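Student: mmCIF, C-alpha atoms, file target.cif:
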```cif
data_run
#
loop_
_atom_site.label_atom_id
_atom_site.label_comp_id
_atom_site.auth_asym_id
_atom_site.auth_seq_id
_atom_site.Cartn_x
_atom_site.Cartn_y
_atom_site.Cartn_z
CA MET A 1 -202.76 -185.51 -81.91
CA VAL A 2 -201.94 -183.72 -78.66
CA ILE A 3 -198.45 -184.27 -77.33
CA ASP A 4 -197.37 -183.28 -73.86
CA CYS A 5 -194.12 -181.45 -73.10
CA LYS A 6 -192.18 -184.43 -71.71
CA HIS A 7 -192.92 -186.34 -74.90
CA ILE A 8 -191.64 -183.42 -76.99
CA TRP A 9 -188.33 -183.34 -75.09
CA ASN A 10 -187.54 -186.82 -76.44
CA PHE A 11 -187.67 -185.41 -79.96
CA ILE A 12 -185.60 -182.26 -79.45
CA SER A 13 -182.29 -183.73 -80.61
CA ASP A 14 -183.72 -185.36 -83.74
CA TYR A 15 -185.69 -182.18 -84.45
CA ILE A 16 -182.46 -180.16 -84.37
CA ASP A 17 -180.74 -182.70 -86.66
CA GLY A 18 -183.72 -182.82 -89.02
CA THR A 19 -184.00 -186.59 -88.67
CA LEU A 20 -187.63 -186.83 -87.54
CA THR A 21 -190.30 -188.30 -89.78
CA GLU A 22 -192.44 -185.66 -91.46
CA GLU A 23 -195.40 -186.56 -89.24
CA ALA A 24 -193.38 -186.24 -86.03
CA ARG A 25 -191.76 -183.02 -87.23
CA VAL A 26 -195.17 -181.44 -87.86
CA ASP A 27 -196.43 -182.55 -84.42
CA VAL A 28 -193.37 -181.08 -82.70
CA GLN A 29 -193.63 -177.89 -84.75
CA LYS A 30 -197.29 -177.43 -83.78
CA HIS A 31 -196.47 -177.94 -80.11
CA LEU A 32 -193.60 -175.47 -80.23
CA GLU A 33 -195.83 -172.80 -81.74
CA HIS A 34 -197.87 -172.52 -78.55
CA CYS A 35 -195.50 -173.81 -75.83
CA GLU A 36 -193.14 -171.19 -74.48
CA ILE A 37 -191.23 -173.64 -72.27
CA CYS A 38 -190.47 -176.19 -75.00
CA SER A 39 -189.53 -173.39 -77.40
CA ALA A 40 -187.04 -172.08 -74.83
CA ILE A 41 -185.64 -175.60 -74.36
CA LEU A 42 -185.18 -175.99 -78.10
CA ASP A 43 -183.60 -172.55 -78.53
CA SER A 44 -181.28 -172.93 -75.55
CA THR A 45 -180.19 -176.42 -76.65
CA ARG A 46 -179.38 -175.09 -80.14
CA ASN A 47 -177.55 -172.18 -78.57
CA VAL A 48 -175.50 -174.47 -76.31
CA ILE A 49 -174.55 -176.64 -79.30
CA ILE A 50 -173.38 -173.59 -81.26
CA LEU A 51 -171.33 -172.24 -78.36
CA THR A 52 -169.66 -175.55 -77.52
CA ALA A 53 -168.75 -176.09 -81.19
CA ASP A 54 -166.90 -172.77 -81.31
CA ASP A 55 -163.23 -173.31 -82.20
CA ARG A 56 -162.18 -171.09 -79.30
CA VAL A 57 -163.60 -173.45 -76.65
CA PHE A 58 -161.04 -176.20 -77.21
CA GLU A 59 -157.67 -175.02 -78.42
CA LEU A 60 -154.53 -177.07 -78.92
CA PRO A 61 -151.87 -176.53 -76.24
CA VAL A 62 -149.16 -174.04 -77.22
CA GLY A 63 -146.45 -175.81 -79.23
CA PHE A 64 -148.55 -178.97 -79.75
CA SER A 65 -148.12 -179.02 -83.54
CA GLU A 66 -144.39 -178.30 -83.41
CA ARG A 67 -143.80 -181.12 -80.93
CA LEU A 68 -146.00 -183.51 -82.90
CA HIS A 69 -144.30 -182.87 -86.24
CA ALA A 70 -140.86 -183.14 -84.64
CA ARG A 71 -141.90 -186.57 -83.35
CA ILE A 72 -143.24 -187.51 -86.78
CA ASP A 73 -139.93 -186.44 -88.34
CA LEU A 74 -138.09 -188.81 -86.00
CA GLU A 75 -140.46 -191.60 -87.02
CA LEU A 76 -139.98 -190.85 -90.73
CA GLU A 77 -136.21 -190.81 -90.32
CA GLU A 78 -136.33 -194.14 -88.53
CA TYR A 79 -138.56 -195.53 -91.27
CA ARG A 80 -136.27 -194.33 -94.04
CA GLY A 81 -133.21 -195.70 -92.25
CA ASP A 82 -134.78 -199.08 -91.71
CA GLY A 83 -135.09 -201.03 -94.94
CA VAL A 84 -136.44 -204.05 -93.13
CA LYS A 85 -139.75 -202.39 -92.21
CA GLN A 86 -142.69 -203.63 -94.20
CA SER A 87 -145.07 -200.74 -93.71
CA PRO A 88 -146.35 -198.26 -94.60
CA MET B 20 -152.06 -188.34 -100.42
CA ILE B 21 -152.09 -191.76 -98.80
CA ALA B 22 -151.01 -193.38 -102.06
CA ALA B 23 -148.13 -190.90 -102.31
CA ILE B 24 -146.98 -191.69 -98.77
CA LEU B 25 -147.20 -195.42 -99.38
CA GLY B 26 -145.29 -194.83 -102.60
CA GLY B 27 -142.37 -193.37 -100.63
CA GLU B 28 -143.18 -189.66 -100.30
CA THR B 29 -143.33 -189.99 -96.54
CA GLN B 30 -143.03 -186.21 -95.91
CA VAL B 31 -146.58 -185.85 -97.26
CA PHE B 32 -147.72 -187.49 -94.01
CA HIS B 33 -147.23 -184.13 -92.28
CA ASP B 34 -149.84 -182.54 -94.57
CA LEU B 35 -152.18 -185.51 -94.28
CA ILE B 36 -152.48 -185.25 -90.50
CA ARG B 37 -152.47 -181.47 -90.03
CA PRO B 38 -156.28 -181.02 -90.38
CA HIS B 39 -156.88 -183.84 -87.88
CA GLU B 40 -154.75 -182.54 -85.02
CA PRO B 41 -157.58 -180.83 -83.08
CA SER B 42 -160.00 -183.78 -83.24
CA VAL B 43 -157.37 -186.35 -82.25
CA TYR B 44 -156.17 -184.21 -79.36
CA LEU B 45 -159.71 -183.51 -78.19
CA MET B 46 -160.68 -187.17 -78.17
CA ALA B 47 -157.46 -188.06 -76.34
CA LEU B 48 -158.18 -185.32 -73.80
CA SER B 49 -161.72 -186.58 -73.29
CA TYR B 50 -160.29 -189.91 -72.12
CA MET B 51 -157.09 -188.89 -70.38
CA LYS B 52 -158.46 -185.76 -68.66
CA ASN B 53 -155.13 -183.99 -68.54
CA GLU B 54 -153.23 -182.16 -71.27
CA ALA B 55 -149.86 -183.91 -70.93
CA ASP B 56 -151.29 -187.44 -71.20
CA ALA B 57 -153.65 -186.33 -73.99
CA GLU B 58 -150.71 -184.98 -75.99
CA ASP B 59 -148.77 -188.23 -75.50
CA VAL B 60 -151.76 -190.26 -76.67
CA ALA B 61 -152.32 -187.98 -79.67
CA GLN B 62 -148.66 -188.24 -80.74
CA GLU B 63 -148.69 -192.01 -80.35
CA ALA B 64 -151.93 -192.27 -82.33
CA PHE B 65 -150.43 -190.32 -85.25
CA VAL B 66 -147.25 -192.42 -85.16
CA ARG B 67 -149.33 -195.61 -85.13
CA SER B 68 -151.42 -194.37 -88.02
CA PHE B 69 -148.20 -193.87 -90.03
CA ARG B 70 -146.92 -197.33 -89.15
CA ASN B 71 -150.25 -198.90 -90.09
CA LEU B 72 -151.11 -196.74 -93.06
CA ALA B 73 -150.84 -199.69 -95.45
CA SER B 74 -153.71 -201.36 -93.61
CA PHE B 75 -156.02 -198.35 -94.02
CA ARG B 76 -158.98 -199.24 -96.21
CA ALA B 77 -160.35 -196.53 -98.46
CA GLU B 78 -163.96 -197.48 -97.75
CA SER B 79 -163.69 -195.80 -94.35
CA LYS B 80 -162.77 -192.16 -93.85
CA PHE B 81 -159.24 -191.38 -92.72
CA SER B 82 -160.61 -189.19 -89.88
CA THR B 83 -162.79 -192.03 -88.57
CA TRP B 84 -159.90 -194.48 -88.74
CA LEU B 85 -157.64 -192.04 -86.93
CA ILE B 86 -160.17 -191.50 -84.13
CA SER B 87 -160.46 -195.28 -83.66
CA ILE B 88 -156.69 -195.55 -83.31
CA THR B 89 -156.71 -192.65 -80.82
CA LEU B 90 -159.43 -194.22 -78.69
CA ASN B 91 -157.64 -197.59 -78.69
CA GLU B 92 -154.41 -195.90 -77.63
CA ALA B 93 -156.18 -193.98 -74.86
CA ARG B 94 -157.94 -197.12 -73.56
CA THR B 95 -154.66 -199.07 -73.59
CA ARG B 96 -152.93 -196.33 -71.60
CA LEU B 97 -155.70 -196.11 -69.07
CA ARG B 98 -155.73 -199.88 -68.59
CA ARG B 99 -151.97 -199.82 -68.13
CA LYS B 100 -152.13 -197.00 -65.65
CA MET B 101 -155.24 -198.40 -64.00
CA LEU B 102 -156.41 -194.85 -63.52
CA VAL B 103 -160.04 -195.84 -63.85
CA ARG B 104 -162.00 -199.03 -63.60
CA MET B 105 -162.55 -200.25 -67.14
CA ASP B 106 -166.28 -200.69 -66.70
CA SER B 107 -166.57 -196.92 -66.45
CA LEU B 108 -165.11 -196.75 -69.97
CA ASP B 109 -166.86 -199.65 -71.59
CA THR B 110 -170.11 -200.24 -69.77
CA PRO B 111 -172.84 -197.78 -70.62
CA PRO B 112 -174.71 -196.21 -67.74
CA ASP B 113 -178.41 -196.94 -67.60
CA GLU B 114 -179.56 -196.35 -71.18
CA ASP B 115 -183.15 -195.91 -70.00
CA GLN B 116 -182.23 -193.06 -67.74
CA HIS B 117 -184.42 -190.08 -68.52
CA VAL B 118 -182.81 -186.66 -68.71
CA SER B 119 -185.01 -183.63 -68.06
CA PRO B 120 -183.92 -180.31 -69.51
CA ALA B 121 -183.73 -177.02 -67.62
CA LEU B 122 -187.08 -175.26 -67.76
CA LEU B 123 -186.78 -171.64 -68.79
CA ARG B 124 -189.67 -169.44 -69.76
CA ASP B 125 -187.71 -167.39 -72.23
CA TRP B 126 -184.37 -167.70 -73.90
CA ARG B 127 -182.51 -164.78 -75.32
CA GLU B 128 -179.89 -166.04 -77.73
CA ILE B 129 -176.36 -165.81 -76.41
CA PRO B 130 -174.05 -164.67 -79.23
CA SER B 131 -170.82 -166.50 -80.04
CA GLU B 132 -168.79 -163.45 -78.98
CA VAL B 133 -169.18 -164.52 -75.34
CA VAL B 134 -166.77 -167.42 -76.04
CA GLU B 135 -164.00 -164.83 -76.04
CA ARG B 136 -164.48 -164.60 -72.28
CA GLY B 137 -162.34 -167.07 -70.35
CA GLU B 138 -164.98 -167.81 -67.71
CA ILE B 139 -167.51 -168.73 -70.39
CA ARG B 140 -165.02 -171.09 -72.07
CA LYS B 141 -164.41 -172.66 -68.66
CA LEU B 142 -168.15 -173.16 -68.10
CA LEU B 143 -168.46 -174.91 -71.47
CA GLN B 144 -165.34 -177.06 -70.97
CA ASP B 145 -166.34 -178.08 -67.44
CA ALA B 146 -169.88 -179.01 -68.47
CA ILE B 147 -168.56 -181.25 -71.26
CA ALA B 148 -165.94 -182.75 -68.93
CA CYS B 149 -168.70 -183.63 -66.44
CA LEU B 150 -170.65 -185.71 -68.97
CA PRO B 151 -170.40 -189.49 -68.51
CA ASP B 152 -167.68 -190.82 -70.86
CA ILE B 153 -170.00 -192.50 -73.37
CA TYR B 154 -172.09 -189.35 -73.79
CA ARG B 155 -169.08 -187.02 -73.96
CA GLN B 156 -167.41 -189.05 -76.73
CA VAL B 157 -170.50 -188.98 -78.92
CA PHE B 158 -171.12 -185.29 -78.25
CA LEU B 159 -167.53 -184.31 -79.10
CA LEU B 160 -167.51 -186.24 -82.36
CA ARG B 161 -170.97 -185.15 -83.50
CA ASP B 162 -171.32 -181.58 -82.27
CA VAL B 163 -167.76 -180.38 -81.82
CA GLU B 164 -165.95 -182.29 -84.58
CA GLU B 165 -169.10 -182.34 -86.72
CA MET B 166 -168.82 -185.94 -87.83
CA ASN B 167 -172.07 -187.39 -89.18
CA ILE B 168 -173.99 -190.11 -87.34
CA ASN B 169 -172.55 -192.99 -89.37
CA GLU B 170 -168.96 -191.76 -88.99
CA THR B 171 -169.46 -191.35 -85.25
CA ALA B 172 -170.88 -194.86 -84.96
CA ALA B 173 -167.93 -196.26 -86.92
CA ALA B 174 -165.31 -194.35 -84.93
CA LEU B 175 -166.74 -195.47 -81.59
CA ASN B 176 -167.71 -198.94 -82.82
CA ILE B 177 -171.32 -198.54 -81.63
CA SER B 178 -174.66 -198.69 -83.43
CA VAL B 179 -176.36 -195.72 -85.10
CA PRO B 180 -179.34 -195.86 -82.66
CA SER B 181 -176.86 -195.75 -79.75
CA VAL B 182 -175.24 -192.63 -81.24
CA LYS B 183 -178.66 -190.96 -81.44
CA VAL B 184 -179.68 -191.86 -77.89
CA ARG B 185 -176.36 -190.84 -76.39
CA LEU B 186 -176.24 -187.61 -78.35
CA HIS B 187 -179.74 -186.70 -77.22
CA ARG B 188 -178.87 -187.36 -73.58
CA ALA B 189 -175.59 -185.43 -73.84
CA ARG B 190 -177.35 -182.43 -75.36
CA MET B 191 -180.09 -182.48 -72.71
CA MET B 192 -177.53 -182.79 -69.89
CA LEU B 193 -175.57 -179.87 -71.28
CA GLN B 194 -178.71 -177.78 -71.74
CA LYS B 195 -179.75 -178.57 -68.18
CA GLN B 196 -176.41 -177.50 -66.74
CA LEU B 197 -175.36 -174.75 -69.11
CA ALA B 198 -178.54 -172.88 -69.98
CA PRO B 199 -179.07 -171.44 -66.46
CA GLN B 200 -175.33 -170.83 -66.00
CA LEU B 201 -174.92 -169.05 -69.33
CA LYS B 202 -178.04 -167.02 -68.76
CA ALA B 203 -176.80 -165.91 -65.33
CA ALA B 204 -173.26 -165.21 -66.56
CA THR B 205 -174.41 -163.11 -69.50
CA GLN B 206 -177.04 -161.24 -67.45
CA GLN B 207 -174.40 -160.42 -64.82
CA SER B 208 -172.10 -159.03 -67.46
CA ARG B 209 -174.94 -156.97 -68.96
CA ARG B 210 -175.56 -155.47 -65.53
CA ARG B 211 -171.84 -154.83 -65.14
CA TRP B 212 -171.65 -152.99 -68.44
CA PHE B 213 -174.92 -151.09 -68.02
CA PRO B 214 -175.42 -150.44 -64.30
CA TRP B 215 -178.59 -148.44 -64.96
CA SER B 216 -180.40 -151.33 -66.69
#
```
If you convert what's in this file into structure tokens, what do you get?

Tutor:
Amino acid sequence: MVIDCKHIWNFISDYIDGTLTEEARVDVQKHLEHCEICSAILDSTRNVIILTADDRVFELPVGFSERLHARIDLELEEYRGDGVKQSP
Amino acid sequence: MIAAILGGETQVFHDLIRPHEPSVYLMALSYMKNEADAEDVAQEAFVRSFRNLASFRAESKFSTWLISITLNEARTRLRRKMLVRMDSLDTPPDEDQHVSPALLRDWREIPSEVVERGEIRKLLQDAIACLPDIYRQVFLLRDVEEMNINETAAALNISVPSVKVRLHRARMMLQKQLAPQLKAATQQSRRRWFPWS
């Protein structure tokens, strides 16, 4: 089966996730072996996913955890001081 | 841990939520689009999760449940503030819309070290921020927070096929925007470092 490039692009995401059927995976693989453009699309998409997932891209604001846990402490104090509350 | 908290050891709640701080903040930021509001939403979501911990059901994952609470809190705030029309949050854009990737003849892998550079982080953050809401949420949960497809579907209350379609579109949109930008930015820096090349 011959698949054109535009058709292959629809499978790129599932190919990366390994969720294609075996038949589709083999077809995509064969296409990629001789298509420079689709191979570059696959490689660059993978690369973009790896870079965006890097922990350094999205960091918590300075002091976020301290402020959060201070707020939680207030909530816990209120909870402990309030015998009427049903939950947690 | 949850049983201990419900049993009265409430201080354990601090340890329970610590690993989830980045994902909750990131999802809040993806809705609120500014750090101060995102932090407020994240704090409120954690407080609500404590207050409602007794209603948590063990068949779902705590992280998924927490993300649902965060998204509900963010939606409620946005409705209250009327910052955006709600259909931009809840109505999907045209699901049949086709996204074409950027066509590049070759791709030289860009190593993770480039993320140390502020302008590269900005490129990545801006590209994700520019995604339509429904695509950004799926992308952040799947590819940044590394939830699986079922967890993502549960957290966003959408179907598994919708997660797959939206993830595919998000990835293609990011490739289209970022691949040429990253290539140019890393080539420029190579030239800067090695002026003779």

Student: Residues at most 12 Å from A:Asn47, counting all atoms listed in the file, excluding those fewer than 5 positions away in the same chain, as number ranges by chain?

Tutor: A: 16, 40-42, 52-54; B: 126-131, 133, 143, 162, 190, 193-194, 197-198, 201-202

Student: Output C-alpha atoms for every residue in that selection, as a compact mmCIF listing (two decimals), in the frame of the given file.

Tutor:
```txt
# COMPACT_ATOMS: atom_id res chain seq x y z
CA ILE A 16 -182.46 -180.16 -84.37
CA ALA A 40 -187.04 -172.08 -74.83
CA ILE A 41 -185.64 -175.60 -74.36
CA LEU A 42 -185.18 -175.99 -78.10
CA THR A 52 -169.66 -175.55 -77.52
CA ALA A 53 -168.75 -176.09 -81.19
CA ASP A 54 -166.90 -172.77 -81.31
CA TRP B 126 -184.37 -167.70 -73.90
CA ARG B 127 -182.51 -164.78 -75.32
CA GLU B 128 -179.89 -166.04 -77.73
CA ILE B 129 -176.36 -165.81 -76.41
CA PRO B 130 -174.05 -164.67 -79.23
CA SER B 131 -170.82 -166.50 -80.04
CA VAL B 133 -169.18 -164.52 -75.34
CA LEU B 143 -168.46 -174.91 -71.47
CA ASP B 162 -171.32 -181.58 -82.27
CA ARG B 190 -177.35 -182.43 -75.36
CA LEU B 193 -175.57 -179.87 -71.28
CA GLN B 194 -178.71 -177.78 -71.74
CA LEU B 197 -175.36 -174.75 -69.11
CA ALA B 198 -178.54 -172.88 -69.98
CA LEU B 201 -174.92 -169.05 -69.33
CA LYS B 202 -178.04 -167.02 -68.76
```

Student: Compare B:Ser79, B:Ser49, B:Asn71, B:Asn91 by their minimum atom-to-atom distance to B:Leu25, counting all atoms listed in the file, and give me the closest one.

Tutor: B:Asn71

Student: For a quick test of understanding: name the residues of chain A lying within 7 Å of chain B when counting all atoms listed in the file, and present them as a compact mmCIF listing (two decimals) with C-alpha atoms, keeping the file's coordinate frame.

Tutor:
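See part_32.txt below for the written result:
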```txt
# COMPACT_ATOMS: atom_id res chain seq x y z
CA SER A 13 -182.29 -183.73 -80.61
CA GLU A 36 -193.14 -171.19 -74.48
CA ILE A 37 -191.23 -173.64 -72.27
CA ALA A 40 -187.04 -172.08 -74.83
CA ILE A 41 -185.64 -175.60 -74.36
CA ASP A 43 -183.60 -172.55 -78.53
CA SER A 44 -181.28 -172.93 -75.55
CA THR A 45 -180.19 -176.42 -76.65
CA ASN A 47 -177.55 -172.18 -78.57
CA VAL A 48 -175.50 -174.47 -76.31
CA ILE A 49 -174.55 -176.64 -79.30
CA LEU A 51 -171.33 -172.24 -78.36
CA THR A 52 -169.66 -175.55 -77.52
CA ALA A 53 -168.75 -176.09 -81.19
CA ARG A 56 -162.18 -171.09 -79.30
CA VAL A 57 -163.60 -173.45 -76.65
CA LEU A 60 -154.53 -177.07 -78.92
CA LEU A 68 -146.00 -183.51 -82.90
CA HIS A 69 -144.30 -182.87 -86.24
CA ILE A 72 -143.24 -187.51 -86.78
CA LEU A 76 -139.98 -190.85 -90.73
CA SER A 87 -145.07 -200.74 -93.71
CA PRO A 88 -146.35 -198.26 -94.60
```

Student: For a test of reading the model, state the distance in Å between atom CA of B:Thr83 and atom CA of A:Arg67, rounded to one decimal.

Tutor: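 Computing the Euclidean distance for atom CA of B:Thr83 and atom CA of A:Arg67 yields 23.2 Å.
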
Student: Let me know the residues the PyMOL selection byres ((chain A and resi 24) around 12) catches in the file above, as a ChimeraX atom specification.

Tutor: /A:1-3,7-8,10-12,14-15,18-23,25-31
